[in-house]
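Trainee: Before I ask anything, here is the structure I am working with.
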Amino acid sequence: MTQSVRSIFPLAVAFSAAVFAATAMAEPVPYPDGYRHWHHVKSMVIGQDHPLADPFAGIHHVYANDLALQGLGSGSHDDGSILVFDLLEAQEGDGVLTEGSRKLVGVMVKSRNVYPDTGGWGFEGFAGDSREQRLTNDGGQACFSCHLPQAEQDYVFSDWRR
């Protein structure tokens, strides 16, 4: 090996490793097909006067796959855990609050190796009823910043009421 190749080789290996790591961390969160058949964890309403009203005002239904359900309450989730919040417009009329159109589907996927910069969770939002239109463009950092206060619960707000 010539001197120039020997000096460039470690840089090329380091660059390739960095590109591979960045690609692995940037893996998109998949749409959670069939989530409405998972465990329903809770429902809640965020009103217009709440600090998160823009963009989260509406009716939230939270769903967990089997792995995520096991982690709720224990404060620790295994890789493969998926939590979904289905956000629907809240419509009021005649003293009744009902679901309107879907605003977004928010997803958290646990994979410590793929998402190390966001507490081991991948975050994504899908617009309305779309399975392709993604709302997260920062690798989940904005979502994770809101979840940081929940570090002791593995960054999860929901709990399983028994």
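Order determines the names: the first chain of the structure tokens is A, the second B, and so forth; residues in each chain are numbered 1 upward, and ligands are numbered 1 upward as they are shown.
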Determine, for each residue of stretch 27-54 of chain A having at least one atom at most 12 Å from an atom of stretch 78-86 of chain A, the closest pair of atoms and their separation in Å to one decimal, counting only C-alpha atoms; order by chain and ascending number, as a tab-separated table.
Mentor:
```
residue	atom	partner	partner_atom	distance
A:Val29	CA	A:Ile82	CA	10.1
A:Pro30	CA	A:Ile82	CA	10.3
A:Tyr31	CA	A:Val84	CA	9.7
A:Pro32	CA	A:Val84	CA	7.7
A:Asp33	CA	A:Val84	CA	10.5
A:Gly34	CA	A:Val84	CA	10.7
A:Tyr35	CA	A:Val84	CA	7.2
A:Arg36	CA	A:Asp86	CA	8.8
A:His37	CA	A:Val84	CA	11.5
A:Trp38	CA	A:Val84	CA	9.5
A:His39	CA	A:Leu83	CA	9.7
A:His40	CA	A:Val84	CA	9.6
A:Val41	CA	A:Leu83	CA	9.3
A:Lys42	CA	A:Phe85	CA	9.4
A:Ser43	CA	A:Phe85	CA	9.1
A:Met44	CA	A:Phe85	CA	10.2
A:Val45	CA	A:Asp86	CA	11.5
```
Trainee: Deliver the residues from the most recent selection as a file, using C-alpha atoms, as a PDB file, in the first residue's frame.
Mentor:
```pdb
ATOM      1  CA  VAL A  29     -40.664   5.287  11.399  1.00  0.00           C
ATOM      2  CA  PRO A  30     -43.144   3.056   9.565  1.00  0.00           C
ATOM      3  CA  TYR A  31     -46.877   3.662   9.483  1.00  0.00           C
ATOM      4  CA  PRO A  32     -48.466   1.464  12.206  1.00  0.00           C
ATOM      5  CA  ASP A  33     -50.839  -0.671  10.152  1.00  0.00           C
ATOM      6  CA  GLY A  34     -53.689  -2.121  12.193  1.00  0.00           C
ATOM      7  CA  TYR A  35     -53.043   0.015  15.292  1.00  0.00           C
ATOM      8  CA  ARG A  36     -56.759   0.464  15.986  1.00  0.00           C
ATOM      9  CA  HIS A  37     -56.882  -3.279  16.757  1.00  0.00           C
ATOM     10  CA  TRP A  38     -54.137  -2.936  19.389  1.00  0.00           C
ATOM     11  CA  HIS A  39     -54.696  -2.248  23.081  1.00  0.00           C
ATOM     12  CA  HIS A  40     -56.565   1.004  23.707  1.00  0.00           C
ATOM     13  CA  VAL A  41     -54.624   2.689  26.523  1.00  0.00           C
ATOM     14  CA  LYS A  42     -56.579   5.908  27.035  1.00  0.00           C
ATOM     15  CA  SER A  43     -58.447   8.787  25.462  1.00  0.00           C
ATOM     16  CA  MET A  44     -58.125  12.456  26.284  1.00  0.00           C
ATOM     17  CA  VAL A  45     -59.160  15.834  24.948  1.00  0.00           C
TER      18      VAL A  45
END
```
Trainee: DSSP says helix (DSSP H, G or I) for which residues of stretch 24-130 of chain A? Put them as a PyMOL selection string?
Mentor: chain A and resi 24-25+35-37+53-56+66-71+116-118
Trainee: Using only C-alpha atoms, which residues sit within 9 Å of A:Asp129 once same-chain residues fewer than 6 positions away are excluded, as a PyMOL selection string?
Mentor: chain A and resi 101-105
Trainee: If we count only C-alpha atoms and set the cut-off at 12 Å, which residues sit around stretch 47-55 of chain A, ignoring sequence neighbours fewer than 3 positions away in its own chain? Please answer as a list in words.
Mentor: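 In the requested format, the answer is Met44, Gly58, Ile59, His60, Leu87, Leu88, Glu89, Ala90, Gln91, Glu92, Leu97, Lys103, Leu104, Gly106, Gly125, Ala127, Leu135, Cys143 and Cys146 of chain A.
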Trainee: Mind listing the strand (DSSP E or B) residues of stretch 17-96 of chain A, per DSSP on the backbone, as a list in words?
Mentor: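 For stretch 17-96 of chain A, the strand (DSSP E or B) set is His39, His40, Val41, Lys42, Ser43, Met44, Val45, Ile46, Gly58, Ile59, His60, His61, Val62, Tyr63, Ala64, Ile82, Leu83, Val84, Phe85, Asp86, Leu87, Leu88, Glu89, Ala90, Gln91, Glu92, Gly93 and Val96 of chain A.
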